[in-house]
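Chemist: So that you have it, the file is upload08.txt, and it contains compact mmCIF, C-alpha atoms and all ligand atoms:
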```txt
# COMPACT_ATOMS: atom_id res chain seq x y z
CA MET A 1 -12.66 9.46 0.96
CA GLU A 2 -16.14 10.26 2.21
CA LEU A 3 -17.84 6.91 2.68
CA GLU A 4 -21.21 5.76 3.95
CA SER A 5 -20.88 3.02 6.51
CA ILE A 6 -23.99 1.09 5.42
CA LEU A 7 -23.46 -0.66 2.11
CA LEU A 8 -26.94 -2.20 1.98
CA PRO A 9 -29.77 -1.65 4.44
CA GLY A 10 -30.21 -4.56 6.83
CA MET A 11 -26.87 -6.20 5.95
CA GLU A 12 -24.54 -4.33 8.28
CA GLU A 13 -25.05 -6.70 11.25
CA ASN A 14 -23.84 -9.87 9.60
CA ARG A 15 -20.20 -10.76 9.26
CA PRO A 16 -19.41 -12.06 6.78
CA MET A 17 -21.70 -10.34 4.31
CA VAL A 18 -21.98 -13.01 1.62
CA ILE A 19 -22.27 -12.50 -2.11
CA ALA A 20 -22.56 -15.71 -4.11
CA GLY A 21 -23.45 -16.89 -7.57
CA PRO A 22 -21.90 -18.25 -10.71
CA CYS A 23 -18.83 -16.86 -12.41
CA SER A 24 -21.01 -16.27 -15.48
CA ALA A 25 -24.69 -16.13 -16.23
CA GLU A 26 -25.01 -18.93 -18.82
CA THR A 27 -28.70 -19.67 -19.28
CA GLU A 28 -31.86 -18.42 -17.61
CA GLU A 29 -32.36 -21.83 -16.05
CA GLN A 30 -28.82 -22.02 -14.62
CA VAL A 31 -29.16 -18.52 -13.16
CA LEU A 32 -32.56 -19.11 -11.58
CA THR A 33 -31.78 -22.61 -10.27
CA THR A 34 -28.53 -21.43 -8.66
CA ALA A 35 -30.17 -18.31 -7.21
CA LYS A 36 -33.05 -20.27 -5.66
CA GLN A 37 -30.68 -22.79 -4.08
CA LEU A 38 -28.56 -19.97 -2.67
CA SER A 39 -31.56 -18.03 -1.42
CA ASP A 40 -32.91 -21.17 0.31
CA ARG A 41 -29.60 -21.37 2.17
CA GLY A 42 -29.81 -17.77 3.37
CA VAL A 43 -27.66 -15.95 0.81
CA LYS A 44 -29.04 -12.45 0.22
CA ILE A 45 -26.82 -11.09 -2.54
CA PHE A 46 -26.51 -12.84 -5.91
CA ARG A 47 -23.59 -12.39 -8.30
CA ALA A 48 -23.29 -13.40 -11.95
CA GLY A 49 -20.93 -12.12 -14.63
CA VAL A 50 -22.68 -10.94 -17.77
CA TRP A 51 -19.68 -9.50 -19.64
CA LYS A 52 -16.62 -11.68 -19.00
CA PRO A 53 -13.05 -10.44 -19.38
CA ARG A 54 -11.15 -13.40 -20.82
CA THR A 55 -7.38 -13.72 -20.96
CA LYS A 56 -7.47 -15.28 -24.44
CA PRO A 57 -9.85 -14.65 -27.34
CA GLY A 58 -12.22 -17.42 -28.28
CA GLY A 59 -13.32 -18.24 -24.73
CA PHE A 60 -16.84 -17.67 -23.45
CA GLU A 61 -17.15 -13.89 -23.21
CA GLY A 62 -20.48 -13.76 -21.44
CA VAL A 63 -24.06 -13.67 -22.64
CA GLY A 64 -24.20 -9.86 -22.52
CA VAL A 65 -27.34 -7.70 -22.13
CA GLU A 66 -29.58 -10.70 -22.80
CA ALA A 67 -28.70 -12.01 -19.33
CA LEU A 68 -29.81 -8.85 -17.49
CA PRO A 69 -33.52 -9.82 -17.50
CA TRP A 70 -32.51 -13.13 -15.88
CA LEU A 71 -31.01 -11.18 -12.98
CA LYS A 72 -34.19 -9.14 -12.80
CA ALA A 73 -36.09 -12.42 -12.53
CA VAL A 74 -33.80 -13.51 -9.66
CA LYS A 75 -34.71 -10.30 -7.83
CA LYS A 76 -38.40 -10.83 -8.42
CA GLU A 77 -38.50 -14.52 -7.53
CA THR A 78 -36.10 -14.62 -4.56
CA GLY A 79 -35.94 -11.04 -3.27
CA MET A 80 -32.14 -11.18 -3.43
CA TYR A 81 -30.02 -8.18 -4.35
CA VAL A 82 -28.30 -8.76 -7.69
CA ALA A 83 -24.75 -7.79 -8.66
CA THR A 84 -22.73 -7.92 -11.85
CA GLU A 85 -19.42 -6.69 -13.28
CA VAL A 86 -19.14 -3.52 -15.35
CA ALA A 87 -16.12 -2.64 -17.45
CA THR A 88 -17.39 0.18 -19.69
CA ALA A 89 -19.78 3.13 -19.50
CA LYS A 90 -22.17 1.19 -21.73
CA HIS A 91 -22.25 -1.68 -19.22
CA VAL A 92 -23.11 0.83 -16.51
CA TYR A 93 -26.04 2.30 -18.48
CA GLU A 94 -27.38 -1.17 -19.30
CA CYS A 95 -27.19 -2.22 -15.63
CA LEU A 96 -28.90 0.92 -14.38
CA LYS A 97 -31.64 0.46 -16.98
CA ALA A 98 -32.13 -3.15 -15.87
CA GLY A 99 -32.32 -2.26 -12.16
CA ILE A 100 -29.14 -4.08 -11.09
CA ASP A 101 -28.59 -3.33 -7.37
CA ILE A 102 -24.81 -3.52 -7.09
CA VAL A 103 -21.98 -3.35 -9.62
CA TRP A 104 -18.42 -4.49 -9.26
CA ILE A 105 -15.31 -3.50 -11.16
CA GLY A 106 -13.06 -6.36 -12.29
CA ALA A 107 -9.35 -6.57 -11.58
CA ARG A 108 -8.31 -5.80 -15.17
CA THR A 109 -10.48 -2.69 -15.23
CA THR A 110 -9.27 -1.34 -11.86
CA ALA A 111 -5.75 -1.41 -13.30
CA ASN A 112 -6.78 1.02 -16.07
CA PRO A 113 -7.36 4.64 -14.94
CA PHE A 114 -8.99 5.63 -18.28
CA ALA A 115 -11.58 2.87 -17.95
CA MET A 116 -12.12 3.72 -14.28
CA GLN A 117 -12.74 7.38 -15.06
CA GLU A 118 -15.19 6.47 -17.81
CA ILE A 119 -17.13 4.23 -15.41
CA ALA A 120 -17.03 6.86 -12.66
CA ASP A 121 -18.44 9.45 -15.10
CA ALA A 122 -21.23 7.07 -16.10
CA LEU A 123 -22.11 6.56 -12.42
CA LYS A 124 -22.24 10.27 -11.58
CA GLY A 125 -25.33 11.11 -9.52
CA VAL A 126 -26.29 7.45 -9.05
CA ASP A 127 -26.48 5.98 -5.56
CA ILE A 128 -25.65 2.28 -5.73
CA PRO A 129 -22.98 0.21 -4.01
CA VAL A 130 -19.84 -0.20 -6.11
CA LEU A 131 -17.37 -2.93 -5.25
CA VAL A 132 -13.86 -2.43 -6.59
CA LYS A 133 -11.63 -5.46 -7.02
CA ASN A 134 -7.89 -5.00 -6.52
CA PRO A 135 -5.92 -4.41 -9.73
CA VAL A 136 -4.17 -7.49 -11.16
CA ASN A 137 -0.81 -6.05 -10.07
CA PRO A 138 -0.04 -5.53 -6.37
CA ASP A 139 -0.33 -1.74 -6.41
CA LEU A 140 -2.28 -0.35 -3.46
CA GLU A 141 -2.24 3.23 -4.78
CA LEU A 142 -3.83 2.12 -8.06
CA TRP A 143 -6.54 0.29 -6.10
CA ILE A 144 -7.23 3.32 -3.86
CA GLY A 145 -7.06 5.65 -6.88
CA ALA A 146 -9.78 3.63 -8.65
CA MET A 147 -12.03 3.91 -5.59
CA GLU A 148 -11.30 7.64 -5.32
CA ARG A 149 -12.53 8.14 -8.89
CA ILE A 150 -15.85 6.47 -7.98
CA ASN A 151 -16.02 8.48 -4.75
CA ASN A 152 -15.27 11.75 -6.57
CA ALA A 153 -18.28 11.02 -8.81
CA GLY A 154 -20.40 11.33 -5.65
CA LEU A 155 -20.82 7.66 -4.76
CA LYS A 156 -20.37 6.87 -1.08
CA ARG A 157 -21.31 3.22 -0.84
CA ILE A 158 -18.00 1.73 -1.89
CA ALA A 159 -16.28 -1.49 -0.86
CA ALA A 160 -13.08 -3.23 -1.87
CA ILE A 161 -12.71 -6.83 -3.01
CA HIS A 162 -9.44 -8.63 -2.44
CA ARG A 163 -9.09 -11.20 -5.26
CA GLY A 164 -5.35 -11.76 -5.12
CA PHE A 165 -2.58 -10.63 -7.46
CA SER A 166 -1.42 -12.10 -10.72
CA SER A 167 1.95 -13.84 -10.76
CA PHE A 168 4.01 -16.04 -13.01
CA ASP A 169 4.00 -18.84 -10.47
CA LYS A 170 0.52 -20.37 -10.31
CA LYS A 171 1.41 -23.56 -8.44
CA LEU A 172 -0.76 -23.14 -5.35
CA TYR A 173 -2.81 -20.01 -5.95
CA ARG A 174 -4.29 -18.70 -9.17
CA ASN A 175 -3.67 -15.21 -7.76
CA LEU A 176 -1.31 -14.67 -4.83
CA PRO A 177 -3.14 -13.41 -1.73
CA GLN A 178 -0.41 -10.99 -0.54
CA TRP A 179 -2.52 -10.26 2.55
CA HIS A 180 -0.31 -7.34 3.61
CA ILE A 181 -1.88 -5.25 0.85
CA PRO A 182 -5.52 -5.43 2.05
CA ILE A 183 -4.19 -5.09 5.62
CA GLU A 184 -2.51 -1.81 4.63
CA LEU A 185 -5.73 -0.77 2.85
CA ARG A 186 -7.62 -1.27 6.14
CA ARG A 187 -5.05 0.88 7.94
CA ARG A 188 -5.34 3.62 5.33
CA LEU A 189 -9.14 3.55 4.99
CA PRO A 190 -10.56 2.04 8.19
CA GLU A 191 -14.19 2.81 7.21
CA LEU A 192 -14.00 0.94 3.90
CA PRO A 193 -15.66 -2.52 3.93
CA ILE A 194 -13.41 -5.21 2.47
CA PHE A 195 -14.60 -8.45 0.85
CA CYS A 196 -12.43 -11.45 0.08
CA ASP A 197 -12.86 -13.40 -3.15
CA PRO A 198 -11.44 -16.82 -2.25
CA SER A 199 -12.58 -18.25 -5.60
CA HIS A 200 -10.29 -16.10 -7.74
CA ILE A 201 -7.41 -16.19 -5.23
CA GLY A 202 -7.43 -19.98 -4.98
CA GLY A 203 -8.57 -20.93 -8.46
CA LYS A 204 -9.62 -24.29 -7.03
CA ARG A 205 -12.56 -25.17 -4.84
CA GLU A 206 -10.42 -27.00 -2.24
CA LEU A 207 -8.88 -23.69 -1.15
CA ILE A 208 -12.12 -21.75 -0.57
CA ALA A 209 -12.71 -22.81 3.05
CA SER A 210 -9.24 -22.00 4.34
CA LEU A 211 -8.96 -18.71 2.42
CA SER A 212 -12.37 -17.63 3.74
CA GLN A 213 -11.30 -18.44 7.29
CA GLN A 214 -8.09 -16.47 6.88
CA ALA A 215 -10.08 -13.49 5.60
CA MET A 216 -12.36 -13.68 8.64
CA ASP A 217 -9.39 -13.92 11.00
CA LEU A 218 -8.02 -10.75 9.40
CA GLY A 219 -11.29 -8.91 10.05
CA PHE A 220 -12.65 -8.79 6.48
CA ASP A 221 -16.30 -7.76 6.30
CA GLY A 222 -17.52 -10.03 3.54
CA LEU A 223 -16.96 -12.86 1.09
CA ILE A 224 -17.78 -13.07 -2.60
CA VAL A 225 -17.79 -16.71 -3.64
CA GLU A 226 -18.47 -18.33 -7.01
CA SER A 227 -21.28 -20.86 -6.69
CA HIS A 228 -22.95 -22.80 -9.50
CA CYS A 229 -25.79 -25.34 -9.48
CA SER A 230 -23.57 -27.68 -11.50
CA PRO A 231 -19.96 -26.50 -11.05
CA ASP A 232 -18.20 -29.04 -13.26
CA ALA A 233 -20.38 -28.05 -16.18
CA ALA A 234 -19.68 -24.30 -15.75
CA TRP A 235 -18.75 -22.41 -18.91
CA SER A 236 -16.04 -20.42 -17.08
CA ASP A 237 -13.91 -20.98 -13.95
CA ALA A 238 -15.32 -24.50 -13.41
CA ALA A 239 -12.50 -25.65 -11.10
CA GLN A 240 -13.16 -22.92 -8.54
CA GLN A 241 -16.95 -23.04 -8.33
CA ILE A 242 -18.89 -24.86 -5.60
CA THR A 243 -22.52 -25.89 -5.23
CA PRO A 244 -24.78 -23.82 -2.95
CA ASP A 245 -24.77 -26.83 -0.61
CA VAL A 246 -20.99 -26.84 -0.27
CA LEU A 247 -21.00 -23.08 0.18
CA ASP A 248 -23.50 -23.43 3.00
CA TYR A 249 -21.33 -26.11 4.61
CA ILE A 250 -18.21 -23.91 4.37
CA LEU A 251 -19.98 -20.85 5.77
CA ASN A 252 -21.32 -22.84 8.72
CA LEU A 253 -17.85 -24.02 9.63
CA LEU A 254 -16.34 -20.53 9.66
CA VAL A 255 -15.18 -19.35 13.05
CA ILE A 256 -16.03 -15.67 13.41
CA ARG A 257 -13.95 -14.00 16.06
CA LYS A 258 -14.98 -10.64 17.42
CA ASP A 259 -13.44 -7.61 15.84
CA THR A 260 -12.70 -5.55 18.91
CA HIS A 261 -11.98 -7.50 22.02
CA THR A 262 -11.07 -5.39 24.98
CA THR A 263 -11.26 -7.71 27.93
CA GLU A 264 -9.13 -7.05 31.01
CA SER A 265 -6.51 -9.63 30.07
CA LEU A 266 -6.14 -8.20 26.57
CA ASN A 267 -5.66 -4.71 28.03
CA GLU A 268 -3.08 -6.14 30.40
CA LEU A 269 -1.18 -7.77 27.54
CA ARG A 270 -1.34 -4.57 25.50
CA LYS A 271 0.15 -2.67 28.40
CA GLN A 272 3.08 -5.09 28.31
CA ILE A 273 3.47 -4.47 24.58
CA ASP A 274 3.49 -0.71 25.18
CA GLU A 275 6.25 -1.16 27.77
CA CYS A 276 8.30 -3.37 25.43
CA ASP A 277 7.98 -0.80 22.62
CA ASN A 278 9.00 1.96 24.99
CA ASP A 279 12.10 -0.03 26.01
CA LEU A 280 12.90 -0.76 22.37
CA ILE A 281 12.77 2.92 21.45
CA GLN A 282 14.97 3.93 24.39
CA LEU A 283 17.51 1.26 23.42
CA LEU A 284 17.45 2.27 19.77
CA ALA A 285 18.05 5.90 20.76
CA LYS A 286 20.99 4.80 22.90
CA ARG A 287 22.39 2.72 20.02
CA MET A 288 22.11 5.69 17.65
CA ARG A 289 23.94 7.95 20.11
CA VAL A 290 26.83 5.46 20.20
CA CYS A 291 26.72 5.28 16.40
CA ARG A 292 27.08 9.02 16.10
CA GLU A 293 30.07 8.90 18.46
CA ILE A 294 31.60 6.29 16.17
CA GLY A 295 30.83 8.64 13.26
CA THR A 296 32.81 11.42 14.92
CA TYR A 297 35.69 9.03 15.53
CA LYS A 298 35.66 7.89 11.89
CA LYS A 299 35.67 11.51 10.71
CA GLU A 300 38.58 12.46 12.93
CA HIS A 301 40.63 9.42 11.87
CA GLY A 302 39.70 9.43 8.19
CA VAL A 303 38.05 5.97 8.36
CA ASN A 304 35.41 4.81 5.83
CA ILE A 305 31.83 4.81 7.12
CA LEU A 306 30.83 1.52 5.56
CA GLN A 307 32.79 -1.38 7.01
CA THR A 308 31.37 -4.35 5.13
CA GLY A 309 33.12 -6.94 7.30
CA ARG A 310 31.65 -5.48 10.45
CA TYR A 311 28.20 -5.20 8.84
CA ASN A 312 28.20 -8.88 7.80
CA GLU A 313 29.38 -9.88 11.26
CA ILE A 314 26.48 -8.00 12.86
CA LEU A 315 23.89 -9.55 10.52
CA ASP A 316 25.23 -13.09 11.05
CA LYS A 317 25.70 -12.86 14.80
CA ARG A 318 22.39 -11.16 15.50
CA GLY A 319 20.59 -13.59 13.20
CA ALA A 320 22.07 -16.57 15.05
CA GLN A 321 21.33 -15.01 18.42
CA GLY A 322 17.74 -14.37 17.33
CA VAL A 323 17.35 -18.05 16.47
CA LEU A 324 18.60 -19.01 19.94
CA CYS A 325 15.86 -16.79 21.35
CA GLY A 326 13.20 -18.55 19.27
CA MET A 327 12.89 -15.97 16.49
CA ASP A 328 13.14 -16.16 12.75
CA GLN A 329 16.64 -15.47 11.41
CA ASP A 330 15.41 -13.57 8.34
CA PHE A 331 13.22 -11.37 10.49
CA ILE A 332 16.14 -10.43 12.77
CA LYS A 333 18.32 -9.78 9.74
CA LYS A 334 15.68 -7.44 8.30
CA VAL A 335 15.48 -5.52 11.58
CA PHE A 336 19.26 -5.10 11.72
CA GLU A 337 19.42 -4.12 8.07
CA ALA A 338 16.99 -1.29 8.83
CA ILE A 339 18.96 -0.26 11.93
CA HIS A 340 22.24 -0.36 10.02
CA GLU A 341 20.81 1.73 7.19
CA GLU A 342 19.79 4.43 9.65
CA SER A 343 23.18 4.27 11.43
CA VAL A 344 24.98 4.81 8.12
CA ARG A 345 22.69 7.74 7.32
CA GLN A 346 23.42 9.33 10.68
CA GLN A 347 27.18 8.89 10.28
CA MET A 348 27.05 10.39 6.77
CA GLU A 349 25.45 13.47 8.29
CA ILE A 350 28.34 13.79 10.74
CA ILE A 351 31.01 13.29 8.07
CA ASN A 352 29.43 15.88 5.77
CA ARG A 353 28.95 18.45 8.48
C1 LIG B 1 -15.15 -12.51 -11.71
O1 LIG B 1 -15.46 -12.08 -10.60
O2 LIG B 1 -15.77 -13.40 -12.30
C2 LIG B 1 -13.93 -11.97 -12.35
C3 LIG B 1 -13.76 -11.94 -13.66
O3 LIG B 1 -13.04 -11.61 -11.45
P1 LIG B 1 -11.61 -10.83 -11.53
O4 LIG B 1 -11.89 -9.48 -12.08
O5 LIG B 1 -11.25 -10.82 -10.09
O6 LIG B 1 -10.70 -11.68 -12.37
MN MN B 2 -14.78 -16.07 -12.39
```
Just give me the structure as structure tokens.

Modeler:
Amino acid sequence: MELESILLPGMEENRPMVIAGPCSAETEEQVLTTAKQLSDRGVKIFRAGVWKPRTKPGGFEGVGVEALPWLKAVKKETGMYVATEVATAKHVYECLKAGIDIVWIGARTTANPFAMQEIADALKGVDIPVLVKNPVNPDLELWIGAMERINNAGLKRIAAIHRGFSSFDKKLYRNLPQWHIPIELRRRLPELPIFCDPSHIGGKRELIASLSQQAMDLGFDGLIVESHCSPDAAWSDAAQQITPDVLDYILNLLVIRKDTHTTESLNELRKQIDECDNDLIQLLAKRMRVCREIGTYKKEHGVNILQTGRYNEILDKRGAQGVLCGMDQDFIKKVFEAIHEESVRQQMEIINR
């Protein structure tokens, strides 16, 4: 993907970039009161949902186009950038007409390639930042594919939002964080800014601080947090919204560690890691050579490749030994499962030669 590194002029220095505002725009007064309180506390980007995707019919589905002038008023009165969710081409046209600065794509929309293509087509030739939430299901390719559609329409200011993944078990999180997925996204697309949405991951306000800190520790670029002037009275997602005051408190407590830290001692430690990895590879190569010898023996003596008893013994013994060395048994088992799988593959090659 061809991306532009600056999402919004003047915002690139600050980590985290903060987007905050209510789940939904409810009334002009609620929108303006919340925006002013946020702006007074230094927030520069305002969010509010105008069209709301609801799981069940009959819930509050957003005010619709009527709320767009309220966002315009936020821009005029506070100077904040304003952002809202689009799910159809019509939403895109309405937002562009109303001068919305940033649009985001909701999780349910990202999961639908037809809807994504329709939105991408509507955005063709427009230069605004587009934030793409992860799809509801933990499918990294679907997430990247959605962003590629926007990128192919010529838009270069794209960012991802990690909002967690839907699951049957909603005991702790509303949407499971599954951090390995945004971590893999960072590896695949290092230039792509990533926001965390602790509000929709947690589903409850008590979890926002710790989820935000975790996102910062993992090097996320920004946070998008639901904030409402009167959270308990919110028309949607009340349990996860916080006042601008609480948001300010949480943001001030965040510990922001530097992204790249190349002090002498870190370099020294990394050298040790390189040596360990080198030793590991040499040892693995040696182990595979022995395995192939065993393969030849098995072929000559007509012995089965897979010896389940021996395999179980290896997993159990290595797991126990790993624990004695202060490691996690399941982790060691996983490592030896991978090694065993490759050994079997190598022996099969010998047998079939
Ligand atoms: C939202 O941001 O209010 C929203 C509906 O989020 P998601 O698409 O992540 O459910
Ligand atoms: Mn919401």

Chemist: With ligand LIG 1 (chain B) as the partner and 10 Å as the cut-off, tabulate the residues of chain A that qualify, each row holding the nearest pair of atoms and their distance in Å to one decimal, using all atoms listed in the file, sorted by chain and rising number, as a tab-separated table.

Modeler:
```
residue	atom	partner	partner_atom	distance
A:Gly21	CA	B:LIG1	O2	9.7
A:Pro22	CA	B:LIG1	O2	8.0
A:Cys23	CA	B:LIG1	O2	4.6
A:Ser24	CA	B:LIG1	O2	6.8
A:Arg47	CA	B:LIG1	O1	8.5
A:Ala48	CA	B:LIG1	O2	7.5
A:Gly49	CA	B:LIG1	O2	5.8
A:Val50	CA	B:LIG1	O2	9.1
A:Trp51	CA	B:LIG1	C3	8.8
A:Lys52	CA	B:LIG1	C3	6.1
A:Pro53	CA	B:LIG1	C3	6.0
A:Arg54	CA	B:LIG1	C3	7.8
A:Thr55	CA	B:LIG1	O6	9.4
A:Thr84	CA	B:LIG1	O1	8.5
A:Glu85	CA	B:LIG1	O1	7.2
A:Val86	CA	B:LIG1	O4	9.9
A:Ala87	CA	B:LIG1	O4	9.7
A:Trp104	CA	B:LIG1	O1	8.3
A:Ile105	CA	B:LIG1	O4	7.0
A:Gly106	CA	B:LIG1	O4	3.3
A:Ala107	CA	B:LIG1	O4	3.9
A:Arg108	CA	B:LIG1	O4	6.0
A:Thr109	CA	B:LIG1	O4	7.6
A:Thr110	CA	B:LIG1	O4	8.6
A:Val132	CA	B:LIG1	O4	9.2
A:Lys133	CA	B:LIG1	O5	6.2
A:Asn134	CA	B:LIG1	O5	7.6
A:Pro135	CA	B:LIG1	O4	8.2
A:Val136	CA	B:LIG1	O6	7.9
A:Ile161	CA	B:LIG1	O5	8.3
A:His162	CA	B:LIG1	O5	8.2
A:Arg163	CA	B:LIG1	O5	5.3
A:Gly164	CA	B:LIG1	O5	7.8
A:Phe165	CA	B:LIG1	O5	9.1
A:Ser166	CA	B:LIG1	O6	9.4
A:Asn175	CA	B:LIG1	O5	9.1
A:Asp197	CA	B:LIG1	O5	7.6
A:Pro198	CA	B:LIG1	O5	9.9
A:Ser199	CA	B:LIG1	O1	8.4
A:His200	CA	B:LIG1	O5	5.9
A:Ile201	CA	B:LIG1	O5	8.2
A:Ile224	CA	B:LIG1	O1	8.4
A:Val225	CA	B:LIG1	O1	8.7
A:Glu226	CA	B:LIG1	O2	7.7
A:Ser236	CA	B:LIG1	O2	8.5
A:Asp237	CA	B:LIG1	O2	8.0
```

Chemist: Could you dump the residues just selected with C-alpha atoms as a PDB file, in the frame of the given file?

Modeler:
```pdb
ATOM      1  CA  GLY A  21     -23.450 -16.890  -7.570  1.00  0.00           C
ATOM      2  CA  PRO A  22     -21.900 -18.250 -10.710  1.00  0.00           C
ATOM      3  CA  CYS A  23     -18.830 -16.860 -12.410  1.00  0.00           C
ATOM      4  CA  SER A  24     -21.010 -16.270 -15.480  1.00  0.00           C
ATOM      5  CA  ARG A  47     -23.590 -12.390  -8.300  1.00  0.00           C
ATOM      6  CA  ALA A  48     -23.290 -13.400 -11.950  1.00  0.00           C
ATOM      7  CA  GLY A  49     -20.930 -12.120 -14.630  1.00  0.00           C
ATOM      8  CA  VAL A  50     -22.680 -10.940 -17.770  1.00  0.00           C
ATOM      9  CA  TRP A  51     -19.680  -9.500 -19.640  1.00  0.00           C
ATOM     10  CA  LYS A  52     -16.620 -11.680 -19.000  1.00  0.00           C
ATOM     11  CA  PRO A  53     -13.050 -10.440 -19.380  1.00  0.00           C
ATOM     12  CA  ARG A  54     -11.150 -13.400 -20.820  1.00  0.00           C
ATOM     13  CA  THR A  55      -7.380 -13.720 -20.960  1.00  0.00           C
ATOM     14  CA  THR A  84     -22.730  -7.920 -11.850  1.00  0.00           C
ATOM     15  CA  GLU A  85     -19.420  -6.690 -13.280  1.00  0.00           C
ATOM     16  CA  VAL A  86     -19.140  -3.520 -15.350  1.00  0.00           C
ATOM     17  CA  ALA A  87     -16.120  -2.640 -17.450  1.00  0.00           C
ATOM     18  CA  TRP A 104     -18.420  -4.490  -9.260  1.00  0.00           C
ATOM     19  CA  ILE A 105     -15.310  -3.500 -11.160  1.00  0.00           C
ATOM     20  CA  GLY A 106     -13.060  -6.360 -12.290  1.00  0.00           C
ATOM     21  CA  ALA A 107      -9.350  -6.570 -11.580  1.00  0.00           C
ATOM     22  CA  ARG A 108      -8.310  -5.800 -15.170  1.00  0.00           C
ATOM     23  CA  THR A 109     -10.480  -2.690 -15.230  1.00  0.00           C
ATOM     24  CA  THR A 110      -9.270  -1.340 -11.860  1.00  0.00           C
ATOM     25  CA  VAL A 132     -13.860  -2.430  -6.590  1.00  0.00           C
ATOM     26  CA  LYS A 133     -11.630  -5.460  -7.020  1.00  0.00           C
ATOM     27  CA  ASN A 134      -7.890  -5.000  -6.520  1.00  0.00           C
ATOM     28  CA  PRO A 135      -5.920  -4.410  -9.730  1.00  0.00           C
ATOM     29  CA  VAL A 136      -4.170  -7.490 -11.160  1.00  0.00           C
ATOM     30  CA  ILE A 161     -12.710  -6.830  -3.010  1.00  0.00           C
ATOM     31  CA  HIS A 162      -9.440  -8.630  -2.440  1.00  0.00           C
ATOM     32  CA  ARG A 163      -9.090 -11.200  -5.260  1.00  0.00           C
ATOM     33  CA  GLY A 164      -5.350 -11.760  -5.120  1.00  0.00           C
ATOM     34  CA  PHE A 165      -2.580 -10.630  -7.460  1.00  0.00           C
ATOM     35  CA  SER A 166      -1.420 -12.100 -10.720  1.00  0.00           C
ATOM     36  CA  ASN A 175      -3.670 -15.210  -7.760  1.00  0.00           C
ATOM     37  CA  ASP A 197     -12.860 -13.400  -3.150  1.00  0.00           C
ATOM     38  CA  PRO A 198     -11.440 -16.820  -2.250  1.00  0.00           C
ATOM     39  CA  SER A 199     -12.580 -18.250  -5.600  1.00  0.00           C
ATOM     40  CA  HIS A 200     -10.290 -16.100  -7.740  1.00  0.00           C
ATOM     41  CA  ILE A 201      -7.410 -16.190  -5.230  1.00  0.00           C
ATOM     42  CA  ILE A 224     -17.780 -13.070  -2.600  1.00  0.00           C
ATOM     43  CA  VAL A 225     -17.790 -16.710  -3.640  1.00  0.00           C
ATOM     44  CA  GLU A 226     -18.470 -18.330  -7.010  1.00  0.00           C
ATOM     45  CA  SER A 236     -16.040 -20.420 -17.080  1.00  0.00           C
ATOM     46  CA  ASP A 237     -13.910 -20.980 -13.950  1.00  0.00           C
TER      47      ASP A 237
END
```

Chemist: Dump as a PyMOL selection string all residues having an atom at most 9 Å from (-13.8, 8.1, -12.5), computed in the file's coordinates with only C-alpha atoms.

Modeler: chain A and resi 113-124+146-153

Chemist: Using the selection just defined, write its residues with C-alpha atoms as a short mmCIF file (atom, residue, chain, number, x, y, z; two decimals), keeping the file's coordinate frame.

Modeler:
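Output contents, as saved in selection07.cif:
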```
data_model
loop_
_atom_site.label_atom_id
_atom_site.label_comp_id
_atom_site.auth_asym_id
_atom_site.auth_seq_id
_atom_site.Cartn_x
_atom_site.Cartn_y
_atom_site.Cartn_z
CA PRO A 113 -7.36 4.64 -14.94
CA PHE A 114 -8.99 5.63 -18.28
CA ALA A 115 -11.58 2.87 -17.95
CA MET A 116 -12.12 3.72 -14.28
CA GLN A 117 -12.74 7.38 -15.06
CA GLU A 118 -15.19 6.47 -17.81
CA ILE A 119 -17.13 4.23 -15.41
CA ALA A 120 -17.03 6.86 -12.66
CA ASP A 121 -18.44 9.45 -15.10
CA ALA A 122 -21.23 7.07 -16.10
CA LEU A 123 -22.11 6.56 -12.42
CA LYS A 124 -22.24 10.27 -11.58
CA ALA A 146 -9.78 3.63 -8.65
CA MET A 147 -12.03 3.91 -5.59
CA GLU A 148 -11.30 7.64 -5.32
CA ARG A 149 -12.53 8.14 -8.89
CA ILE A 150 -15.85 6.47 -7.98
CA ASN A 151 -16.02 8.48 -4.75
CA ASN A 152 -15.27 11.75 -6.57
CA ALA A 153 -18.28 11.02 -8.81
#
```

Chemist: Name the residues in contact with Pro244 in chain A at a cut-off of 6 Å, using only C-alpha atoms, excluding same-chain residues fewer than 3 positions from it; report them as a list in words.

Modeler: Leu38, Ser227 and Leu247 of chain A

Chemist: Rank A:Ile128, A:Ile6, A:Met288, A:Leu218 by their smallest atom-to-atom distance to Leu192 in chain A, using all atoms listed in the file, and report the top residue only.

Modeler: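 Of A:Ile128, A:Ile6, A:Met288, A:Leu218, the one nearest Leu192 in chain A, counting all atoms listed in the file, is A:Ile6.
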
Chemist: Padding 3 Å on every side, please: axis-aligned box over the listed atoms of range 168-173 of chain A, centre and edge lengths to one decimal in Å, as AutoDock Vina command-line options.

Modeler:
```
--center_x 0.6 --center_y -19.8 --center_z -9.2 --size_x 12.8 --size_y 13.5 --size_z 13.7
```

Chemist: Figure out the distance between CA of Ser210 in chain A and CA of Asp248 in chain A, please, to one decimal in Å.

Modeler: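 For CA of Asp248 in chain A relative to CA of Ser210 in chain A, the distance reads 14.4 Å.
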
Chemist: Neighbours of range 95-98 of chain A within 9 Å (all atoms listed in the file; same-chain residues fewer than 5 positions away dropped), as a ChimeraX atom specification?

Modeler: /A:65,68-69,71-72,84,86,90,103,126

Chemist: Which residues, written as a ChimeraX atom specification, have at least one atom at most 12 Å from Arg188 in chain A, with all atoms listed in the file counted and residues fewer than 3 positions away on the same chain left out?

Modeler: /A:1,140-141,143-144,181-185,191-192

Chemist: Using only C-alpha atoms, which protein or nucleic acid residues come within 12 Å of Met11 in chain A? Drop anything in the same chain fewer than 2 positions from it, and give the result as a PyMOL selection string.

Modeler: chain A and resi 5-9+13-19+43-45+80-81+193+221-222
